[in-house]
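Asks: Structure file data-v8.pdb (PDB, C-alpha atoms) is given on the next line.
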MODEL        1
ATOM      1  CA  MET D 818     -89.164   6.868-105.892  1.00  0.00           C
ATOM      2  CA  THR D 819     -87.680   3.936-103.988  1.00  0.00           C
ATOM      3  CA  GLN D 820     -89.633   0.725-103.704  1.00  0.00           C
ATOM      4  CA  PRO D 821     -90.203  -0.795-100.247  1.00  0.00           C
ATOM      5  CA  GLN D 822     -87.815  -3.633 -99.603  1.00  0.00           C
ATOM      6  CA  THR D 823     -89.020  -7.160 -99.030  1.00  0.00           C
ATOM      7  CA  PRO D 824     -88.149  -8.203 -95.461  1.00  0.00           C
ATOM      8  CA  HIS D 825     -86.457 -11.410 -96.629  1.00  0.00           C
ATOM      9  CA  PRO D 826     -86.537 -12.942-100.073  1.00  0.00           C
ATOM     10  CA  GLY D 827     -88.831 -15.921-100.012  1.00  0.00           C
ATOM     11  CA  LEU D 828     -90.960 -14.840 -97.025  1.00  0.00           C
ATOM     12  CA  ASP D 829     -94.610 -15.139 -97.871  1.00  0.00           C
ATOM     13  CA  GLY D 830     -97.770 -14.251 -95.975  1.00  0.00           C
ATOM     14  CA  VAL D 831     -97.857 -17.585 -94.151  1.00  0.00           C
ATOM     15  CA  ASP D 832     -94.237 -17.154 -92.992  1.00  0.00           C
ATOM     16  CA  ARG D 833     -95.094 -13.676 -91.711  1.00  0.00           C
ATOM     17  CA  GLN D 834     -98.153 -15.059 -89.900  1.00  0.00           C
ATOM     18  CA  ILE D 835     -95.977 -17.748 -88.284  1.00  0.00           C
ATOM     19  CA  ILE D 836     -93.491 -15.098 -87.144  1.00  0.00           C
ATOM     20  CA  ALA D 837     -96.339 -12.962 -85.773  1.00  0.00           C
ATOM     21  CA  GLU D 838     -97.874 -15.867 -83.844  1.00  0.00           C
ATOM     22  CA  LEU D 839     -94.543 -16.997 -82.393  1.00  0.00           C
ATOM     23  CA  SER D 840     -93.715 -13.390 -81.462  1.00  0.00           C
ATOM     24  CA  ARG D 841     -96.955 -13.257 -79.472  1.00  0.00           C
ATOM     25  CA  ASP D 842     -96.418 -16.681 -77.850  1.00  0.00           C
ATOM     26  CA  ALA D 843     -93.214 -18.632 -78.463  1.00  0.00           C
ATOM     27  CA  ARG D 844     -94.624 -21.564 -76.463  1.00  0.00           C
ATOM     28  CA  LEU D 845     -97.174 -22.480 -79.137  1.00  0.00           C
ATOM     29  CA  SER D 846     -97.072 -26.130 -80.094  1.00  0.00           C
ATOM     30  CA  MET D 847     -96.752 -26.931 -83.800  1.00  0.00           C
ATOM     31  CA  ARG D 848    -100.351 -28.132 -83.700  1.00  0.00           C
ATOM     32  CA  GLN D 849    -101.593 -24.838 -82.216  1.00  0.00           C
ATOM     33  CA  LEU D 850     -99.448 -22.813 -84.622  1.00  0.00           C
ATOM     34  CA  ALA D 851    -100.753 -24.788 -87.605  1.00  0.00           C
ATOM     35  CA  LEU D 852    -104.360 -24.203 -86.518  1.00  0.00           C
ATOM     36  CA  GLN D 853    -103.789 -20.468 -86.128  1.00  0.00           C
ATOM     37  CA  VAL D 854    -102.185 -20.017 -89.553  1.00  0.00           C
ATOM     38  CA  HIS D 855    -104.446 -22.578 -91.289  1.00  0.00           C
ATOM     39  CA  ILE D 856    -101.820 -25.046 -92.494  1.00  0.00           C
ATOM     40  CA  SER D 857    -100.953 -28.628 -91.580  1.00  0.00           C
ATOM     41  CA  ARG D 858     -98.764 -29.416 -88.579  1.00  0.00           C
ATOM     42  CA  THR D 859     -96.106 -30.827 -90.902  1.00  0.00           C
ATOM     43  CA  ALA D 860     -96.134 -27.674 -93.028  1.00  0.00           C
ATOM     44  CA  ALA D 861     -95.882 -25.502 -89.893  1.00  0.00           C
ATOM     45  CA  HIS D 862     -92.922 -27.517 -88.628  1.00  0.00           C
ATOM     46  CA  THR D 863     -91.180 -27.371 -92.014  1.00  0.00           C
ATOM     47  CA  ARG D 864     -91.694 -23.612 -92.292  1.00  0.00           C
ATOM     48  CA  VAL D 865     -90.476 -22.913 -88.750  1.00  0.00           C
ATOM     49  CA  GLN D 866     -87.360 -25.002 -89.365  1.00  0.00           C
ATOM     50  CA  LYS D 867     -86.765 -23.105 -92.626  1.00  0.00           C
ATOM     51  CA  LEU D 868     -87.150 -19.757 -90.836  1.00  0.00           C
ATOM     52  CA  ILE D 869     -84.643 -20.892 -88.213  1.00  0.00           C
ATOM     53  CA  SER D 870     -82.136 -22.241 -90.739  1.00  0.00           C
ATOM     54  CA  HIS D 871     -82.313 -19.015 -92.789  1.00  0.00           C
ATOM     55  CA  GLY D 872     -81.661 -16.921 -89.678  1.00  0.00           C
ATOM     56  CA  VAL D 873     -85.056 -15.208 -89.706  1.00  0.00           C
ATOM     57  CA  ILE D 874     -85.982 -16.713 -86.335  1.00  0.00           C
ATOM     58  CA  THR D 875     -82.897 -16.458 -84.152  1.00  0.00           C
ATOM     59  CA  GLY D 876     -84.243 -17.809 -80.884  1.00  0.00           C
ATOM     60  CA  PHE D 877     -87.145 -18.201 -78.516  1.00  0.00           C
ATOM     61  CA  GLY D 878     -87.331 -16.504 -75.149  1.00  0.00           C
ATOM     62  CA  ALA D 879     -89.443 -15.471 -72.218  1.00  0.00           C
ATOM     63  CA  GLN D 880     -90.557 -11.920 -71.615  1.00  0.00           C
ATOM     64  CA  THR D 881     -89.976 -10.930 -68.017  1.00  0.00           C
ATOM     65  CA  ASP D 882     -91.196  -8.272 -65.626  1.00  0.00           C
ATOM     66  CA  ARG D 883     -88.220  -6.327 -64.255  1.00  0.00           C
ATOM     67  CA  LYS D 884     -89.988  -5.467 -61.002  1.00  0.00           C
ATOM     68  CA  ALA D 885     -90.929  -9.106 -60.392  1.00  0.00           C
ATOM     69  CA  LEU D 886     -87.214  -9.865 -60.772  1.00  0.00           C
ATOM     70  CA  GLY D 887     -86.369  -7.222 -58.146  1.00  0.00           C
ATOM     71  CA  LEU D 888     -85.140  -4.629 -60.665  1.00  0.00           C
ATOM     72  CA  HIS D 889     -87.188  -1.615 -59.579  1.00  0.00           C
ATOM     73  CA  VAL D 890     -85.367   1.201 -61.363  1.00  0.00           C
ATOM     74  CA  SER D 891     -84.257   1.442 -64.996  1.00  0.00           C
ATOM     75  CA  ALA D 892     -82.526   4.034 -67.120  1.00  0.00           C
ATOM     76  CA  LEU D 893     -81.498   4.683 -70.671  1.00  0.00           C
ATOM     77  CA  VAL D 894     -77.827   5.601 -70.578  1.00  0.00           C
ATOM     78  CA  ILE D 895     -76.437   7.594 -73.481  1.00  0.00           C
ATOM     79  CA  VAL D 896     -72.740   6.872 -73.949  1.00  0.00           C
ATOM     80  CA  LYS D 897     -70.143   8.704 -75.992  1.00  0.00           C
ATOM     81  CA  ILE D 898     -66.937   6.829 -76.649  1.00  0.00           C
ATOM     82  CA  ALA D 899     -63.483   7.686 -77.945  1.00  0.00           C
ATOM     83  CA  ASP D 900     -61.697   5.692 -80.607  1.00  0.00           C
ATOM     84  CA  VAL D 901     -62.714   2.284 -79.283  1.00  0.00           C
ATOM     85  CA  ALA D 902     -63.968  -0.503 -81.483  1.00  0.00           C
ATOM     86  CA  TRP D 903     -67.651  -1.328 -80.972  1.00  0.00           C
ATOM     87  CA  GLY D 904     -66.809  -5.022 -80.596  1.00  0.00           C
ATOM     88  CA  ASP D 905     -64.348  -4.311 -77.795  1.00  0.00           C
ATOM     89  CA  ILE D 906     -66.629  -2.083 -75.744  1.00  0.00           C
ATOM     90  CA  ALA D 907     -69.689  -4.244 -76.486  1.00  0.00           C
ATOM     91  CA  ALA D 908     -67.920  -7.261 -75.000  1.00  0.00           C
ATOM     92  CA  GLN D 909     -67.110  -5.283 -71.850  1.00  0.00           C
ATOM     93  CA  LEU D 910     -70.656  -3.948 -71.544  1.00  0.00           C
ATOM     94  CA  ALA D 911     -72.109  -7.435 -71.953  1.00  0.00           C
ATOM     95  CA  GLU D 912     -70.194  -8.517 -68.838  1.00  0.00           C
ATOM     96  CA  LEU D 913     -71.757  -5.852 -66.607  1.00  0.00           C
ATOM     97  CA  PRO D 914     -74.464  -7.213 -64.299  1.00  0.00           C
ATOM     98  CA  PHE D 915     -77.243  -4.627 -64.776  1.00  0.00           C
ATOM     99  CA  VAL D 916     -76.837  -3.867 -68.504  1.00  0.00           C
ATOM    100  CA  GLU D 917     -79.846  -5.357 -70.312  1.00  0.00           C
ATOM    101  CA  LYS D 918     -79.142  -4.098 -73.787  1.00  0.00           C
ATOM    102  CA  ALA D 919     -76.502  -2.113 -75.629  1.00  0.00           C
ATOM    103  CA  GLN D 920     -77.181  -0.569 -79.018  1.00  0.00           C
ATOM    104  CA  ALA D 921     -74.677   1.162 -81.274  1.00  0.00           C
ATOM    105  CA  VAL D 922     -76.430   4.135 -82.876  1.00  0.00           C
ATOM    106  CA  SER D 923     -75.729   6.833 -85.416  1.00  0.00           C
ATOM    107  CA  GLY D 924     -75.705  10.545 -84.760  1.00  0.00           C
ATOM    108  CA  ASP D 925     -73.992  12.551 -82.064  1.00  0.00           C
ATOM    109  CA  ILE D 926     -74.052   9.703 -79.530  1.00  0.00           C
ATOM    110  CA  ASP D 927     -72.488   6.280 -79.873  1.00  0.00           C
ATOM    111  CA  ILE D 928     -74.309   3.824 -77.624  1.00  0.00           C
ATOM    112  CA  ILE D 929     -77.670   3.592 -75.890  1.00  0.00           C
ATOM    113  CA  LEU D 930     -77.811   1.244 -72.918  1.00  0.00           C
ATOM    114  CA  THR D 931     -80.800  -0.055 -71.018  1.00  0.00           C
ATOM    115  CA  VAL D 932     -79.697  -0.525 -67.426  1.00  0.00           C
ATOM    116  CA  SER D 933     -81.910  -1.915 -64.633  1.00  0.00           C
ATOM    117  CA  ALA D 934     -81.048  -2.338 -60.957  1.00  0.00           C
ATOM    118  CA  PRO D 935     -82.756  -3.122 -57.660  1.00  0.00           C
ATOM    119  CA  ASP D 936     -82.575   0.476 -56.407  1.00  0.00           C
ATOM    120  CA  HIS D 937     -81.284   3.948 -57.250  1.00  0.00           C
ATOM    121  CA  GLU D 938     -78.040   3.456 -55.357  1.00  0.00           C
ATOM    122  CA  GLN D 939     -77.097   0.330 -57.298  1.00  0.00           C
ATOM    123  CA  LEU D 940     -78.179   1.923 -60.570  1.00  0.00           C
ATOM    124  CA  SER D 941     -75.994   4.936 -59.795  1.00  0.00           C
ATOM    125  CA  GLN D 942     -73.040   2.697 -58.942  1.00  0.00           C
ATOM    126  CA  ALA D 943     -73.490   0.713 -62.161  1.00  0.00           C
ATOM    127  CA  ILE D 944     -73.493   3.874 -64.242  1.00  0.00           C
ATOM    128  CA  LEU D 945     -70.803   5.871 -62.412  1.00  0.00           C
ATOM    129  CA  ARG D 946     -68.471   3.050 -61.319  1.00  0.00           C
ATOM    130  CA  ASP D 947     -68.868   0.456 -64.053  1.00  0.00           C
ATOM    131  CA  ILE D 948     -69.880   2.300 -67.213  1.00  0.00           C
ATOM    132  CA  HIS D 949     -68.622   5.874 -66.865  1.00  0.00           C
ATOM    133  CA  THR D 950     -65.112   4.779 -65.819  1.00  0.00           C
ATOM    134  CA  MET D 951     -64.773   2.150 -68.554  1.00  0.00           C
ATOM    135  CA  PRO D 952     -61.742   2.745 -70.794  1.00  0.00           C
ATOM    136  CA  GLY D 953     -62.824   4.598 -73.916  1.00  0.00           C
ATOM    137  CA  VAL D 954     -65.971   6.137 -72.414  1.00  0.00           C
ATOM    138  CA  ILE D 955     -65.913   9.920 -72.795  1.00  0.00           C
ATOM    139  CA  SER D 956     -69.266  10.709 -71.194  1.00  0.00           C
ATOM    140  CA  THR D 957     -72.572   9.274 -70.062  1.00  0.00           C
ATOM    141  CA  ARG D 958     -75.999  10.843 -69.727  1.00  0.00           C
ATOM    142  CA  SER D 959     -78.774   8.961 -67.943  1.00  0.00           C
ATOM    143  CA  HIS D 960     -82.539   9.157 -68.312  1.00  0.00           C
ATOM    144  CA  LEU D 961     -84.702   7.319 -65.779  1.00  0.00           C
ATOM    145  CA  ILE D 962     -87.473   5.219 -67.308  1.00  0.00           C
ATOM    146  CA  LEU D 963     -90.694   6.290 -65.587  1.00  0.00           C
ATOM    147  CA  ASP D 964     -93.068   4.013 -67.497  1.00  0.00           C
ATOM    148  CA  GLU D 965     -93.071   1.996 -70.679  1.00  0.00           C
ATOM    149  CA  ILE D 966     -95.412   0.181 -72.996  1.00  0.00           C
ATOM    150  CA  LEU D 967     -94.702  -2.581 -75.443  1.00  0.00           C
ATOM    151  CA  GLY D 968     -95.279  -1.812 -79.093  1.00  0.00           C
ATOM    152  CA  HIS D 969     -95.422  -4.432 -81.788  1.00  0.00           C
ATOM    153  CA  ALA D 970     -92.704  -7.050 -81.746  1.00  0.00           C
ATOM    154  CA  PRO D 971     -91.059  -7.590 -85.127  1.00  0.00           C
ATOM    155  CA  GLY D 972     -93.330  -9.760 -87.185  1.00  0.00           C
ATOM    156  CA  THR D 973     -96.514  -9.212 -85.216  1.00  0.00           C
ATOM    157  CA  THR D 974     -98.062  -6.975 -87.852  1.00  0.00           C
ATOM    158  CA  PRO D 975     -97.854  -8.995 -91.070  1.00  0.00           C
ATOM    159  CA  ASP D 976    -100.314  -6.678 -92.825  1.00  0.00           C
ATOM    160  CA  ALA D 977     -97.685  -3.906 -92.677  1.00  0.00           C
ATOM    161  CA  TRP D 978     -95.324  -5.911 -94.916  1.00  0.00           C
ATOM    162  CA  HIS D 979     -96.679  -5.014 -98.332  1.00  0.00           C
TER     163      HIS D 979
ENDMDL
END
Using structure tokens, write down the structure that the file contains.

Replies:
Amino acid sequence: MTQPQTPHPGLDGVDRQIIAELSRDARLSMRQLALQVHISRTAAHTRVQKLISHGVITGFGAQTDRKALGLHVSALVIVKIADVAWGDIAAQLAELPFVEKAQAVSGDIDIILTVSAPDHEQLSQAILRDIHTMPGVISTRSHLILDEILGHAPGTTPDAWH
């Protein structure tokens, strides 16, 4: 029987609590963070800096509402590619205006894209003109996103890491 892997050697319960709190609200001050995880402000600052320097925390960002940004239609686009290096096609995909995320996956497909646009026409153009005709792309299959919910961000459930 395989043993569950530790998420990162040296992460303890306090580190996981810090990650969970910052995942919920990255705008927390060190004072607020320290109060929530029951450590001193200096200890919170030191731990956050350690998590950043070890590459556990890779950045801080804002969550946005696509519709509030004028992006009213989204799709998951399944992409099959020919013999093209992931790095090459990933760089091209990153330059496209409506591609939010590109993920290389295993199985009978190669890439899953999240694509959002202001309307169906622009979404269709992004998929058919920009993605489907890209060198190395064999086929695309699109699935409109009708609704979505947010699950747990990585680190927001420290009790699961046992």

Asks: Point out the residue among D:Leu886, D:Val954, D:Ile926, D:Leu945 with the least atom-to-atom distance to Val901 in chain D, counting all atoms listed in the file.

Replies: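 Of D:Leu886, D:Val954, D:Ile926, D:Leu945, the one nearest Val901 in chain D, counting all atoms listed in the file, is D:Val954.
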
Asks: What is the CA of Ala892 in chain D to CA of Arg841 in chain D distance in Å?

Replies: 25.7 Å

Asks: Calculate how many Å separate CA of Leu930 in chain D from CA of Val894 in chain D, rounding to one decimal.

Replies: 4.9 Å

Asks: So which residues touch Ile898 in chain D within 7 Å, counting only C-alpha atoms, skipping near sequence neighbours fewer than 5 positions away, as a PyMOL selection string?

Replies: chain D and resi 927+953-955

Asks: Let me make sure I understand: among D:Gln920, D:Ser959, D:Ser891, D:Gln880, which one has the smallest atom-to-atom distance to Gln939 in chain D if we use all atoms listed in the file?

Replies: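 The answer is D:Ser891, which sits nearest to Gln939 in chain D.
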
Asks: Could I get the residues of range 868-970 of chain D with an atom no further than 10 Å from an atom of range 828-839 of chain D, each paired with its nearest atom pair and that distance in Å to one decimal, using only C-alpha atoms, sorted by chain and residue number, as a Markdown table?

Replies:
| residue | atom | partner | partner_atom | distance |
| --- | --- | --- | --- | --- |
| D:Leu868 | CA | D:Asp832 | CA | 7.9 |
| D:Val873 | CA | D:Ile836 | CA | 8.8 |
| D:Ile874 | CA | D:Ile836 | CA | 7.7 |
| D:Phe877 | CA | D:Leu839 | CA | 8.4 |
| D:His969 | CA | D:Ala837 | CA | 9.5 |
| D:Ala970 | CA | D:Ala837 | CA | 8.0 |

Asks: Next, dump the selected residues to file, keeping only C-alpha atoms, as a CSV table (one decimal), in the coordinates of the input.

Replies:
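The new file selection-v6.csv reads:
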chain,number,residue,atom,x,y,z
D,868,LEU,CA,-87.2,-19.8,-90.8
D,873,VAL,CA,-85.1,-15.2,-89.7
D,874,ILE,CA,-86.0,-16.7,-86.3
D,877,PHE,CA,-87.1,-18.2,-78.5
D,969,HIS,CA,-95.4,-4.4,-81.8
D,970,ALA,CA,-92.7,-7.0,-81.7

Asks: One number please: CA of Gln849 in chain D to CA of Thr875 in chain D, in Å, one decimal.

Replies: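 Pair CA of Gln849 in chain D / CA of Thr875 in chain D returns 20.6 Å.
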
Asks: Selection in question (the file shown): the PyMOL selection byres ((chain D and resi 911-917) around 8). Which residues does it include, as number ranges by chain?

Replies: D: 907-910, 918-919, 930-934, 940, 943, 947

Asks: Give the answer as one residue: which of D:Gly904, D:Gly924, D:Val896, D:His937 has the shortest atom-to-atom distance to Thr950 in chain D, using all atoms listed in the file?

Replies: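 Of D:Gly904, D:Gly924, D:Val896, D:His937, the one nearest Thr950 in chain D is D:Val896, counting all atoms listed in the file.
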
Asks: Residues picked by the PyMOL selection byres ((chain D and resi 935) around 6) here, as an MDAnalysis selection string?

Replies: chainID D and resid 887:889 934 936

Asks: Go through D:Ile948, D:Val890, D:Ser923, D:Asp882 one by one, measure the shortest atom-to-atom distance of each to Leu967 in chain D using all atoms listed in the file, and give the residue with the smallest value.

Replies: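 Distance minimum relative to Leu967 in chain D lands on D:Asp882.
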
Asks: With distances taken over all atoms listed in the file, which of D:Ile906, D:Leu893, D:Ile928, D:Ala921 is nearest to Leu961 in chain D?

Replies: D:Leu893

Asks: Any chance you could export range 911-925 of chain D with C-alpha atoms, as a short mmCIF file (atom, residue, chain, number, x, y, z; two decimals), in the first residue's frame?

Replies:
data_model
loop_
_atom_site.label_atom_id
_atom_site.label_comp_id
_atom_site.auth_asym_id
_atom_site.auth_seq_id
_atom_site.Cartn_x
_atom_site.Cartn_y
_atom_site.Cartn_z
CA ALA D 911 -0.62 32.30 -24.56
CA GLU D 912 -0.58 35.08 -27.18
CA LEU D 913 -4.23 34.60 -28.16
CA PRO D 914 -6.54 37.25 -26.71
CA PHE D 915 -9.41 35.11 -25.37
CA VAL D 916 -7.46 32.08 -24.09
CA GLU D 917 -7.59 32.14 -20.28
CA LYS D 918 -5.85 28.89 -19.57
CA ALA D 919 -4.16 26.07 -21.45
CA GLN D 920 -3.51 22.71 -19.82
CA ALA D 921 -1.54 19.82 -21.29
CA VAL D 922 -3.33 16.60 -20.31
CA SER D 923 -2.87 12.88 -20.63
CA GLY D 924 -5.17 10.51 -22.45
CA ASP D 925 -6.63 10.69 -25.92
#
